[in-house]
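Trainee: My structure file protein_1.csv, CSV, C-alpha atoms, is below:
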chain,number,residue,atom,x,y,z
A,1,MET,CA,0.0,0.0,0.0
A,2,THR,CA,1.3,3.4,-0.9
A,3,THR,CA,1.0,6.4,1.2
A,4,THR,CA,-0.2,9.5,-0.5
A,5,VAL,CA,0.3,13.0,0.8
A,6,THR,CA,-2.9,14.9,0.4
A,7,ALA,CA,-2.9,18.6,1.0
A,8,PRO,CA,-6.2,20.2,2.2
A,9,VAL,CA,-8.4,20.9,-0.8
A,10,ASP,CA,-8.5,24.6,-1.5
A,11,THR,CA,-11.3,26.5,-3.1
A,12,PRO,CA,-10.4,28.3,-6.3
A,13,LEU,CA,-9.7,32.0,-6.2
A,14,VAL,CA,-12.6,33.7,-8.0
A,15,ILE,CA,-12.6,37.4,-8.5
A,16,GLY,CA,-15.4,39.2,-10.4
A,17,GLY,CA,-16.7,35.9,-11.7
A,18,ARG,CA,-13.3,34.8,-13.1
A,19,THR,CA,-11.2,31.9,-11.7
A,20,PHE,CA,-7.5,32.5,-11.2
A,21,ARG,CA,-4.9,29.8,-10.5
A,22,SER,CA,-2.4,31.7,-8.5
A,23,ARG,CA,-2.9,33.6,-5.3
A,24,LEU,CA,0.2,35.7,-5.9
A,25,MET,CA,-0.2,38.8,-8.1
A,26,VAL,CA,2.8,40.8,-9.1
A,27,GLY,CA,3.6,44.3,-10.4
A,28,THR,CA,5.8,45.1,-13.3
A,29,GLY,CA,7.4,48.3,-12.1
A,30,LYS,CA,11.0,49.1,-11.0
A,31,TYR,CA,12.8,46.1,-12.6
A,32,ARG,CA,16.3,46.7,-13.8
A,33,ASP,CA,15.5,45.4,-17.2
A,34,ASN,CA,12.7,43.6,-19.0
A,35,GLU,CA,14.4,40.3,-19.3
A,36,ILE,CA,14.8,40.0,-15.6
A,37,MET,CA,11.2,41.1,-15.1
A,38,GLY,CA,10.0,38.4,-17.5
A,39,ARG,CA,12.0,35.7,-15.6
A,40,ALA,CA,10.9,36.9,-12.2
A,41,LEU,CA,7.2,36.9,-13.2
A,42,GLU,CA,7.6,33.4,-14.5
A,43,ALA,CA,9.3,32.3,-11.4
A,44,SER,CA,6.6,33.8,-9.2
A,45,GLY,CA,3.9,31.7,-11.0
A,46,ALA,CA,1.7,34.7,-11.0
A,47,GLU,CA,-1.2,34.9,-13.4
A,48,ILE,CA,-2.4,38.4,-12.7
A,49,VAL,CA,0.2,41.1,-13.3
A,50,THR,CA,-0.4,44.8,-12.9
A,51,VAL,CA,0.4,47.6,-15.3
A,52,ALA,CA,0.2,51.4,-15.2
A,53,VAL,CA,-1.2,53.9,-17.6
A,54,ARG,CA,1.2,56.7,-18.7
A,55,ARG,CA,1.8,59.0,-21.6
A,56,VAL,CA,3.6,57.6,-24.5
A,57,ASP,CA,7.1,59.1,-24.6
A,58,LEU,CA,7.1,60.7,-28.0
A,59,ASP,CA,10.8,61.3,-28.1
A,60,ARG,CA,11.8,57.7,-27.5
A,61,ARG,CA,8.8,56.2,-29.2
A,62,LYS,CA,9.1,52.5,-30.0
A,63,ALA,CA,10.9,52.1,-26.8
A,64,GLU,CA,9.1,50.8,-23.9
A,65,GLY,CA,5.4,50.1,-23.8
A,66,ILE,CA,5.3,47.2,-21.4
A,67,LEU,CA,3.3,45.1,-23.9
A,68,PHE,CA,6.5,44.7,-25.9
A,69,HIS,CA,7.8,42.6,-23.0
A,70,LEU,CA,4.6,41.0,-21.6
A,71,ASP,CA,2.5,38.5,-23.4
A,72,PRO,CA,-1.2,39.3,-22.8
A,73,GLU,CA,-1.9,35.6,-23.6
A,74,GLN,CA,0.3,34.4,-20.8
A,75,TYR,CA,-0.8,37.0,-18.1
A,76,PHE,CA,-4.0,38.6,-17.0
A,77,LEU,CA,-3.2,42.3,-17.3
A,78,LEU,CA,-4.6,44.2,-14.4
A,79,ALA,CA,-4.4,48.0,-15.0
A,80,ASN,CA,-3.9,50.3,-12.0
A,81,THR,CA,-4.6,53.9,-11.3
A,82,ALA,CA,-1.4,54.4,-9.5
A,83,GLY,CA,-0.4,58.1,-9.1
A,84,CYS,CA,-4.0,59.3,-9.1
A,85,TYR,CA,-4.8,61.7,-6.3
A,86,SER,CA,-8.5,62.3,-6.9
A,87,ALA,CA,-11.5,60.2,-7.8
A,88,GLU,CA,-12.0,62.2,-11.0
A,89,GLU,CA,-8.4,61.5,-12.1
A,90,ALA,CA,-8.6,57.8,-11.2
A,91,VAL,CA,-11.8,57.4,-13.2
A,92,ARG,CA,-10.2,59.1,-16.2
A,93,TYR,CA,-7.2,56.7,-16.0
A,94,ALA,CA,-9.5,53.7,-15.5
A,95,ARG,CA,-11.4,54.4,-18.7
A,96,LEU,CA,-8.2,54.9,-20.7
A,97,ALA,CA,-6.9,51.5,-19.3
A,98,ARG,CA,-10.1,49.7,-20.3
A,99,GLU,CA,-9.9,51.2,-23.8
A,100,ALA,CA,-6.6,49.3,-24.2
A,101,GLY,CA,-8.9,46.4,-24.7
A,102,PHE,CA,-7.8,43.6,-22.4
A,103,ASN,CA,-10.5,43.4,-19.7
A,104,ASN,CA,-12.7,45.4,-17.4
A,105,PHE,CA,-10.8,44.7,-14.2
A,106,LEU,CA,-9.1,47.5,-12.5
A,107,LYS,CA,-6.8,47.9,-9.5
A,108,LEU,CA,-8.2,51.2,-8.2
A,109,GLU,CA,-5.9,53.4,-6.3
A,110,VAL,CA,-6.8,56.9,-5.1
A,111,ILE,CA,-3.7,58.2,-3.2
A,112,GLY,CA,-4.2,60.7,-0.5
A,113,ASP,CA,-0.6,61.7,0.6
A,114,ARG,CA,2.7,61.9,-1.2
A,115,GLU,CA,4.9,60.9,1.7
A,116,THR,CA,3.1,57.8,2.8
A,117,LEU,CA,1.1,57.0,-0.4
A,118,LEU,CA,-1.8,56.0,1.9
A,119,PRO,CA,-5.1,55.7,0.2
A,120,ASP,CA,-7.7,58.5,0.2
A,121,THR,CA,-10.6,56.4,1.3
A,122,ALA,CA,-13.2,59.0,0.7
A,123,GLY,CA,-12.0,59.5,-2.9
A,124,LEU,CA,-11.7,55.7,-3.3
A,125,LEU,CA,-15.4,55.3,-2.4
A,126,GLU,CA,-16.4,58.0,-4.8
A,127,ALA,CA,-14.4,56.6,-7.7
A,128,THR,CA,-15.6,53.1,-6.9
A,129,ARG,CA,-19.2,54.2,-7.1
A,130,ALA,CA,-18.6,55.7,-10.6
A,131,LEU,CA,-16.6,52.8,-11.9
A,132,VAL,CA,-18.9,50.0,-10.7
A,133,ALA,CA,-21.8,51.9,-12.3
A,134,ASP,CA,-19.7,52.0,-15.5
A,135,GLY,CA,-19.2,48.2,-15.5
A,136,PHE,CA,-15.7,47.9,-14.1
A,137,GLN,CA,-14.6,45.0,-11.9
A,138,VAL,CA,-13.0,47.1,-9.2
A,139,MET,CA,-10.3,45.8,-7.0
A,140,ALA,CA,-9.9,48.5,-4.5
A,141,TYR,CA,-6.6,49.3,-2.9
A,142,THR,CA,-7.5,50.5,0.6
A,143,SER,CA,-6.3,50.9,4.2
A,144,ASP,CA,-6.7,48.3,6.9
A,145,ASP,CA,-9.9,50.1,8.0
A,146,LEU,CA,-12.8,47.7,8.3
A,147,ILE,CA,-15.5,50.4,7.7
A,148,THR,CA,-14.0,51.4,4.4
A,149,ALA,CA,-13.8,47.7,3.4
A,150,LEU,CA,-17.5,47.3,4.3
A,151,ARG,CA,-18.5,50.3,2.3
A,152,LEU,CA,-16.5,49.1,-0.7
A,153,GLU,CA,-18.3,45.8,-0.5
A,154,ASP,CA,-21.6,47.6,-0.4
A,155,LEU,CA,-20.7,49.5,-3.5
A,156,GLY,CA,-20.0,46.2,-5.4
A,157,VAL,CA,-16.2,45.9,-5.6
A,158,ALA,CA,-14.8,42.6,-7.0
A,159,ALA,CA,-12.1,42.5,-4.3
A,160,VAL,CA,-11.0,44.5,-1.3
A,161,MET,CA,-7.2,45.1,-1.2
A,162,PRO,CA,-6.0,46.3,2.2
A,163,LEU,CA,-2.4,47.2,2.5
A,164,ALA,CA,0.1,45.2,4.6
A,165,SER,CA,2.1,48.5,5.1
A,166,PRO,CA,2.8,51.5,2.8
A,167,ILE,CA,3.6,50.9,-0.9
A,168,GLY,CA,7.3,50.1,-1.4
A,169,SER,CA,8.1,50.1,2.3
A,170,GLY,CA,8.8,46.5,2.7
A,171,LEU,CA,7.7,46.7,6.3
A,172,GLY,CA,5.5,43.6,6.1
A,173,LEU,CA,2.1,43.0,7.7
A,174,VAL,CA,1.9,45.7,10.4
A,175,ASN,CA,-1.8,45.1,11.3
A,176,PRO,CA,-2.6,41.4,11.1
A,177,TYR,CA,-5.6,42.0,13.3
A,178,GLY,CA,-7.1,44.6,11.0
A,179,VAL,CA,-6.6,42.4,7.9
A,180,ARG,CA,-8.1,39.4,9.7
A,181,THR,CA,-11.1,41.5,10.7
A,182,ILE,CA,-11.6,42.6,7.2
A,183,LYS,CA,-11.3,39.0,5.9
A,184,ARG,CA,-13.8,37.8,8.5
A,185,ARG,CA,-16.4,40.5,7.7
A,186,VAL,CA,-16.5,40.9,3.9
A,187,SER,CA,-17.5,38.2,1.6
A,188,VAL,CA,-15.6,39.4,-1.6
A,189,PRO,CA,-12.0,38.2,-1.9
A,190,VAL,CA,-9.5,40.0,0.3
A,191,ILE,CA,-6.1,40.5,-1.5
A,192,VAL,CA,-3.4,42.2,0.6
A,193,ASP,CA,-1.7,44.8,-1.6
A,194,ALA,CA,1.6,46.5,-0.8
A,195,GLY,CA,4.2,46.4,2.0
A,196,VAL,CA,5.4,42.9,1.8
A,197,GLY,CA,9.2,42.9,2.0
A,198,THR,CA,10.3,39.3,1.9
A,199,ALA,CA,9.0,35.7,1.8
A,200,SER,CA,8.3,35.5,5.5
A,201,ASP,CA,6.0,38.6,5.2
A,202,ALA,CA,4.1,36.9,2.4
A,203,CYS,CA,3.8,33.7,4.4
A,204,VAL,CA,2.6,35.4,7.6
A,205,THR,CA,0.1,37.5,5.5
A,206,MET,CA,-1.4,34.4,3.8
A,207,GLU,CA,-1.6,32.7,7.2
A,208,GLN,CA,-4.2,35.3,8.2
A,209,GLY,CA,-6.6,33.6,5.8
A,210,VAL,CA,-6.6,36.3,3.1
A,211,ASP,CA,-7.3,35.2,-0.5
A,212,GLY,CA,-4.1,36.5,-2.1
A,213,ILE,CA,-1.3,39.0,-2.1
A,214,LEU,CA,-0.2,41.6,-4.7
A,215,MET,CA,3.4,42.7,-4.5
A,216,ASN,CA,5.9,44.5,-6.7
A,217,THR,CA,8.9,46.1,-5.0
A,218,ALA,CA,9.7,43.0,-2.8
A,219,ILE,CA,10.5,41.1,-6.0
A,220,ALA,CA,11.7,43.9,-8.3
A,221,GLU,CA,14.2,45.4,-5.7
A,222,ALA,CA,15.5,42.1,-4.5
A,223,THR,CA,19.2,41.5,-5.3
A,224,ASP,CA,18.0,38.5,-7.4
A,225,PRO,CA,14.5,39.2,-8.5
A,226,VAL,CA,14.1,35.8,-10.2
A,227,ALA,CA,15.0,33.9,-7.0
A,228,MET,CA,12.7,36.2,-4.9
A,229,GLY,CA,9.9,35.6,-7.4
A,230,ALA,CA,10.3,31.8,-6.7
A,231,ALA,CA,10.6,32.4,-3.0
A,232,MET,CA,7.3,34.4,-3.0
A,233,ARG,CA,5.5,31.7,-4.9
A,234,LEU,CA,6.6,29.1,-2.3
A,235,ALA,CA,5.8,31.5,0.6
A,236,VAL,CA,2.3,32.3,-0.6
A,237,GLU,CA,1.6,28.6,-1.1
A,238,ALA,CA,3.1,27.7,2.3
A,239,GLY,CA,1.1,30.4,4.0
A,240,ARG,CA,-2.1,29.4,2.4
A,241,LEU,CA,-1.5,25.8,3.2
A,242,ALA,CA,-0.7,26.6,6.8
A,243,TYR,CA,-3.9,28.6,7.1
A,244,LEU,CA,-5.9,25.7,5.7
A,245,ALA,CA,-4.1,23.3,8.0
A,246,GLY,CA,-5.0,25.3,11.0
A,247,ARG,CA,-2.2,26.3,13.3
A,248,MET,CA,-1.8,25.0,16.9
A,249,PRO,CA,-2.8,27.3,19.7
A,250,ARG,CA,-0.3,29.7,21.1
A,251,ARG,CA,0.6,29.0,24.8
A,252,GLU,CA,2.7,30.9,27.2
A,253,ILE,CA,3.9,27.7,28.9
A,254,ALA,CA,5.8,24.7,27.5
A,255,VAL,CA,4.1,21.4,26.8
A,256,PRO,CA,6.5,18.5,26.4
A,257,SER,CA,6.4,16.7,23.1
A,258,SER,CA,7.8,13.4,24.5
A,259,PRO,CA,6.0,11.2,27.0
A,260,THR,CA,6.4,12.3,30.6
A,261,THR,CA,5.8,8.7,31.8
A,262,GLY,CA,8.3,5.8,31.4
A,263,MET,CA,11.2,7.8,32.6
A,264,LEU,CA,14.0,5.8,34.4
A,265,GLY,CA,13.7,5.4,38.1
B,1,MET,CA,-16.9,65.7,-41.1
B,2,THR,CA,-15.2,64.5,-44.2
B,3,LYS,CA,-13.5,61.2,-44.5
B,4,ALA,CA,-10.0,61.1,-45.9
B,5,ALA,CA,-9.2,58.7,-48.7
B,6,GLY,CA,-6.9,55.9,-47.7
B,7,ALA,CA,-6.5,54.5,-44.1
B,8,GLY,CA,-4.7,57.3,-42.1
B,9,ALA,CA,-4.0,59.3,-45.2
B,10,ALA,CA,-3.7,63.1,-44.8
B,11,PRO,CA,-6.1,65.2,-46.8
B,12,ALA,CA,-4.8,66.3,-50.2
B,13,THR,CA,-4.5,69.9,-49.1
B,14,ALA,CA,-2.5,69.4,-45.9
B,15,GLU,CA,-3.3,72.1,-43.5
B,16,ARG,CA,-0.8,72.8,-40.7
B,17,ILE,CA,-2.4,73.2,-37.3
B,18,THR,CA,-1.1,73.5,-33.8
B,19,ILE,CA,-2.3,71.0,-31.2
B,20,ARG,CA,-1.4,70.2,-27.7
B,21,LEU,CA,0.0,66.7,-27.7
B,22,ASN,CA,0.8,65.0,-24.3
B,23,GLY,CA,1.0,68.4,-22.8
B,24,GLU,CA,3.3,69.9,-25.3
B,25,PRO,CA,2.5,72.2,-28.3
B,26,ARG,CA,3.1,70.5,-31.6
B,27,VAL,CA,2.5,71.3,-35.3
B,28,ALA,CA,0.4,68.6,-37.0
B,29,THR,CA,-1.6,68.1,-40.1
B,30,ARG,CA,-5.3,68.6,-40.0
B,31,GLY,CA,-6.8,65.2,-40.6
B,32,PRO,CA,-7.7,61.9,-39.0
B,33,VAL,CA,-6.3,60.9,-35.6
B,34,LEU,CA,-5.0,57.7,-37.3
B,35,HIS,CA,-2.8,59.8,-39.6
B,36,LEU,CA,-1.3,61.5,-36.6
B,37,LEU,CA,-0.4,58.1,-35.1
B,38,HIS,CA,1.2,57.0,-38.3
B,39,THR,CA,3.2,60.2,-38.4
B,40,LEU,CA,4.5,59.5,-34.9
B,41,ASP,CA,5.2,55.9,-35.9
B,42,LEU,CA,2.8,54.6,-33.3
B,43,ASP,CA,0.9,51.3,-33.6
B,44,PRO,CA,-2.8,52.2,-33.1
B,45,ARG,CA,-3.2,48.8,-31.2
B,46,MET,CA,-0.6,49.8,-28.7
B,47,VAL,CA,-1.9,53.3,-27.7
B,48,VAL,CA,-5.1,54.8,-26.4
B,49,VAL,CA,-6.1,58.2,-27.6
B,50,GLU,CA,-7.9,60.9,-25.7
B,51,LEU,CA,-9.1,63.9,-27.7
B,52,ASN,CA,-10.2,66.9,-25.6
B,53,ARG,CA,-10.8,64.6,-22.6
B,54,THR,CA,-12.9,62.1,-24.6
B,55,ILE,CA,-11.6,58.7,-25.5
B,56,VAL,CA,-11.4,58.0,-29.2
B,57,ARG,CA,-12.4,54.4,-29.8
B,58,ARG,CA,-9.9,52.4,-32.0
B,59,GLN,CA,-12.4,51.9,-34.8
B,60,ALA,CA,-13.1,55.7,-34.8
B,61,LEU,CA,-9.5,56.7,-35.3
B,62,GLN,CA,-9.9,57.2,-39.0
B,63,GLU,CA,-13.1,59.1,-39.0
B,64,THR,CA,-12.2,61.4,-36.1
B,65,LEU,CA,-10.4,64.5,-37.2
B,66,ILE,CA,-8.1,66.8,-35.3
B,67,HIS,CA,-8.4,70.5,-35.4
B,68,GLU,CA,-6.5,73.6,-34.4
B,69,GLY,CA,-6.1,73.8,-30.6
B,70,ASP,CA,-7.1,70.2,-29.9
B,71,GLU,CA,-5.7,68.6,-26.8
B,72,ILE,CA,-4.6,65.1,-27.4
B,73,GLU,CA,-3.2,62.5,-25.0
B,74,LEU,CA,-1.6,59.3,-26.2
B,75,VAL,CA,-1.2,56.8,-23.4
B,76,HIS,CA,-0.1,53.2,-23.1
B,77,PHE,CA,0.7,50.6,-20.5
B,78,VAL,CA,4.0,50.8,-18.7
B,79,GLY,CA,5.4,48.8,-15.8
B,80,GLY,CA,3.7,49.5,-12.5
B,81,GLY,CA,2.6,47.9,-9.3
Could you write out this file's structure as structure tokens?
Mentor:
Amino acid sequence: MTTTVTAPVDTPLVIGGRTFRSRLMVGTGKYRDNEIMGRALEASGAEIVTVAVRRVDLDRRKAEGILFHLDPEQYFLLANTAGCYSAEEAVRYARLAREAGFNNFLKLEVIGDRETLLPDTAGLLEATRALVADGFQVMAYTSDDLITALRLEDLGVAAVMPLASPIGSGLGLVNPYGVRTIKRRVSVPVIVDAGVGTASDACVTMEQGVDGILMNTAIAEATDPVAMGAAMRLAVEAGRLAYLAGRMPRREIAVPSSPTTGMLG
Amino acid sequence: MTKAAGAGAAPATAERITIRLNGEPRVATRGPVLHLLHTLDLDPRMVVVELNRTIVRRQALQETLIHEGDEIELVHFVGGG
């Protein structure tokens, strides 16, 4: 008789009616070069990759739309509204992104402060209202505030995306309680977005029971982005599996692992 | 609105106009937006065009004409998180 190792059966990740195979989503910014980016994305196993909308550089032309380096058949392109500081601006960018013709999903960001890049949650709700009415599947980058998450769900977002810590900070999950609370209270997928610094951060984040993680800098700014992409894939899988497995209780006293009986007299 | 002859072709009597392109003043030829993209050596499938704050659908790039003083934004996807 053979022994088979069976992992707990996971439910598929469904966002806005679409099923995705990876719980790790990655950004495409800040890579040293496009070749490394391509290999890092591949190593991460990500299916959803984010892109930003910017003016074409008319002086350098041909150079450097990301689509020259990213196969839209291989990846699900998720446009963001990074850099937008008002609901109106974010809605404008969103519509331009949708016109590119890939899908109607959007990672909505409305930034409220240039130093911390923390979300303007009032602007976020305003933009969400307009974009959901316009047929977008909105994945809303938000703070770890439960009330905002609940309002976003009421407005019909496809996913709530609380931060682990500020964008590009690499500080890891600073408020696991807040993220757990959001996960417990909303029924749409919760994808933690921003702040993860290394694999242990990703693992701990997934252990909170969230549905996925989106990261960019942790991979792009690693000394070896390809290796970090692979590390993140394993960390997200390990964290998810540990969550499903159910961790042991925390105790402030030791409990022996070996029998306390049968000791020599 | 008049339609130009070939795809993206400039009208026979090329009229020079000044537009604002991606925030900068620029001399262009009055005619279809598609012609402007060709002039700039841009693939229409790789850019999205906004004319005076309104998106120009890809299938309308030929029939939509640019005029003196128009504000045009040409955007595309770049790396981002």
Trainee: Find the residues near Val33 of chain B: any atom within 9 Å, counting all atoms listed in the file, skip ones fewer than 3 places away on the same chain, and give them as a compact mmCIF listing (two decimals) with C-alpha atoms, in the frame of the given file.
Mentor:
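Printed below is part_5.txt as written:
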# COMPACT_ATOMS: atom_id res chain seq x y z
CA GLY B 8 -4.70 57.30 -42.10
CA ARG B 30 -5.30 68.60 -40.00
CA LEU B 36 -1.30 61.50 -36.60
CA LEU B 37 -0.40 58.10 -35.10
CA HIS B 38 1.20 57.00 -38.30
CA VAL B 49 -6.10 58.20 -27.60
CA LEU B 51 -9.10 63.90 -27.70
CA VAL B 56 -11.40 58.00 -29.20
CA ALA B 60 -13.10 55.70 -34.80
CA LEU B 61 -9.50 56.70 -35.30
CA GLN B 62 -9.90 57.20 -39.00
CA GLU B 63 -13.10 59.10 -39.00
CA THR B 64 -12.20 61.40 -36.10
CA LEU B 65 -10.40 64.50 -37.20
CA ILE B 66 -8.10 66.80 -35.30
Trainee: Using only C-alpha atoms, which residue out of A:Arg250, A:Arg95, A:Arg18, A:Arg23 lies closest to Leu234 of chain A?
Mentor: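 The closest residue to Leu234 of chain A is A:Arg23.
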Trainee: Which residues are close to Val78 of chain B, i.e. within 9 Å by all atoms listed in the file, leaving aside same-chain residues fewer than 3 positions away? Reply as a PDB file with C-alpha atoms, in the frame of the given file.
Mentor:
ATOM      1  CA  THR A  28       5.800  45.100 -13.300  1.00  0.00           C
ATOM      2  CA  GLY A  29       7.400  48.300 -12.100  1.00  0.00           C
ATOM      3  CA  VAL A  51       0.400  47.600 -15.300  1.00  0.00           C
ATOM      4  CA  ALA A  52       0.200  51.400 -15.200  1.00  0.00           C
ATOM      5  CA  VAL A  53      -1.200  53.900 -17.600  1.00  0.00           C
ATOM      6  CA  ARG A  54       1.200  56.700 -18.700  1.00  0.00           C
ATOM      7  CA  ARG A  55       1.800  59.000 -21.600  1.00  0.00           C
ATOM      8  CA  VAL A  56       3.600  57.600 -24.500  1.00  0.00           C
ATOM      9  CA  GLU A  64       9.100  50.800 -23.900  1.00  0.00           C
ATOM     10  CA  GLY A  65       5.400  50.100 -23.800  1.00  0.00           C
ATOM     11  CA  ILE A  66       5.300  47.200 -21.400  1.00  0.00           C
ATOM     12  CA  LEU A  67       3.300  45.100 -23.900  1.00  0.00           C
TER      13      LEU A  67
END
Trainee: Find the residue from B:Arg20, B:His35, B:His67, B:Arg58 that sits nearest to chain A; use all atoms listed in the file when measuring.
Mentor: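 Closest to chain A, using all atoms listed in the file: B:Arg58.
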Trainee: Any idea what's packed within 12 Å of Asn52 of chain B, counting all atoms listed in the file, ignoring anything in its chain fewer than 6 positions away? Could you give it as a PyMOL selection string?
Mentor: chain B and resi 19-23+65-74
Trainee: Quick one, how far is atom CA of Ala220 of chain A from atom CA of Lys30 of chain A?
Mentor: 5.9 Å
Trainee: Kindly assemble as a Markdown table a list of the chain B residues that lie within 9 Å of chain A, each paired with its nearest atom pair and their distance in Å to one decimal, using all atoms listed in the file, sorted first by chain and then by ascending residue number.
Mentor:
| residue | atom | partner | partner_atom | distance |
| --- | --- | --- | --- | --- |
| B:Asn22 | CA | A:Arg55 | CA | 6.7 |
| B:Leu40 | CA | A:Leu58 | CA | 7.5 |
| B:Asp41 | CA | A:Arg61 | CA | 7.6 |
| B:Leu42 | CA | A:Lys62 | CA | 7.4 |
| B:Arg45 | CA | A:Ala100 | CA | 7.8 |
| B:Met46 | CA | A:Ala100 | CA | 7.5 |
| B:Val47 | CA | A:Ala100 | CA | 7.1 |
| B:Val48 | CA | A:Ala100 | CA | 6.1 |
| B:Val49 | CA | A:Leu96 | CA | 7.9 |
| B:Glu50 | CA | A:Leu96 | CA | 7.8 |
| B:Arg53 | CA | A:Arg92 | CA | 8.5 |
| B:Ile55 | CA | A:Leu96 | CA | 7.0 |
| B:Val56 | CA | A:Glu99 | CA | 8.8 |
| B:Arg57 | CA | A:Glu99 | CA | 7.2 |
| B:Arg58 | CA | A:Glu99 | CA | 8.3 |
| B:Glu73 | CA | A:Arg55 | CA | 7.0 |
| B:Leu74 | CA | A:Arg55 | CA | 5.7 |
| B:Val75 | CA | A:Arg55 | CA | 4.1 |
| B:His76 | CA | A:Val53 | CA | 5.7 |
| B:Phe77 | CA | A:Val53 | CA | 4.8 |
| B:Val78 | CA | A:Ile66 | CA | 4.7 |
| B:Gly79 | CA | A:Gly29 | CA | 4.2 |
| B:Gly80 | CA | A:Gly29 | CA | 3.9 |
| B:Gly81 | CA | A:Gly27 | CA | 3.9 |
Trainee: Please, what distance in Å, to one decimal, runs between atom CA of Pro32 of chain B and atom CA of Thr54 of chain B?
Mentor: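 Computed distance, atom CA of Pro32 of chain B to atom CA of Thr54 of chain B, equals 15.3 Å.
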Trainee: Record the distance separating atom CA of Val196 of chain A and atom CA of Ala127 of chain A, expressed in Å with one decimal.
Mentor: 25.9 Å
Trainee: When you look at Pro12 of chain A with a cut-off of 12 Å (counting all atoms listed in the file), what residues show up, excluding the ones that are within fewer than 2 positions of it in the same chain? I need them as a ChimeraX atom specification.
Mentor: /A:9-10,14-15,17-23,189,211-212
Trainee: Using all atoms listed in the file for the distances, tell me which of A:Thr261, A:Thr128, A:Gln208, A:Ser169 is nearest to Leu241 of chain A.
Mentor: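 Distance minimum relative to Leu241 of chain A lands on A:Gln208.
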Trainee: In the coordinate frame of the file, compute which residues have an atom within 12 Å of (-13.1, 45.1, 12.7) when using all atoms listed in the file, and state them as a VMD selection string.
Mentor: chain A and resid 144 to 150 175 to 186
Trainee: With distances taken over all atoms listed in the file, which of A:Ala94, A:Val204, A:Val190, A:Val110 is nearest to Glu153 of chain A?
Mentor: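 For Glu153 of chain A, the nearest of the candidates is A:Val190.
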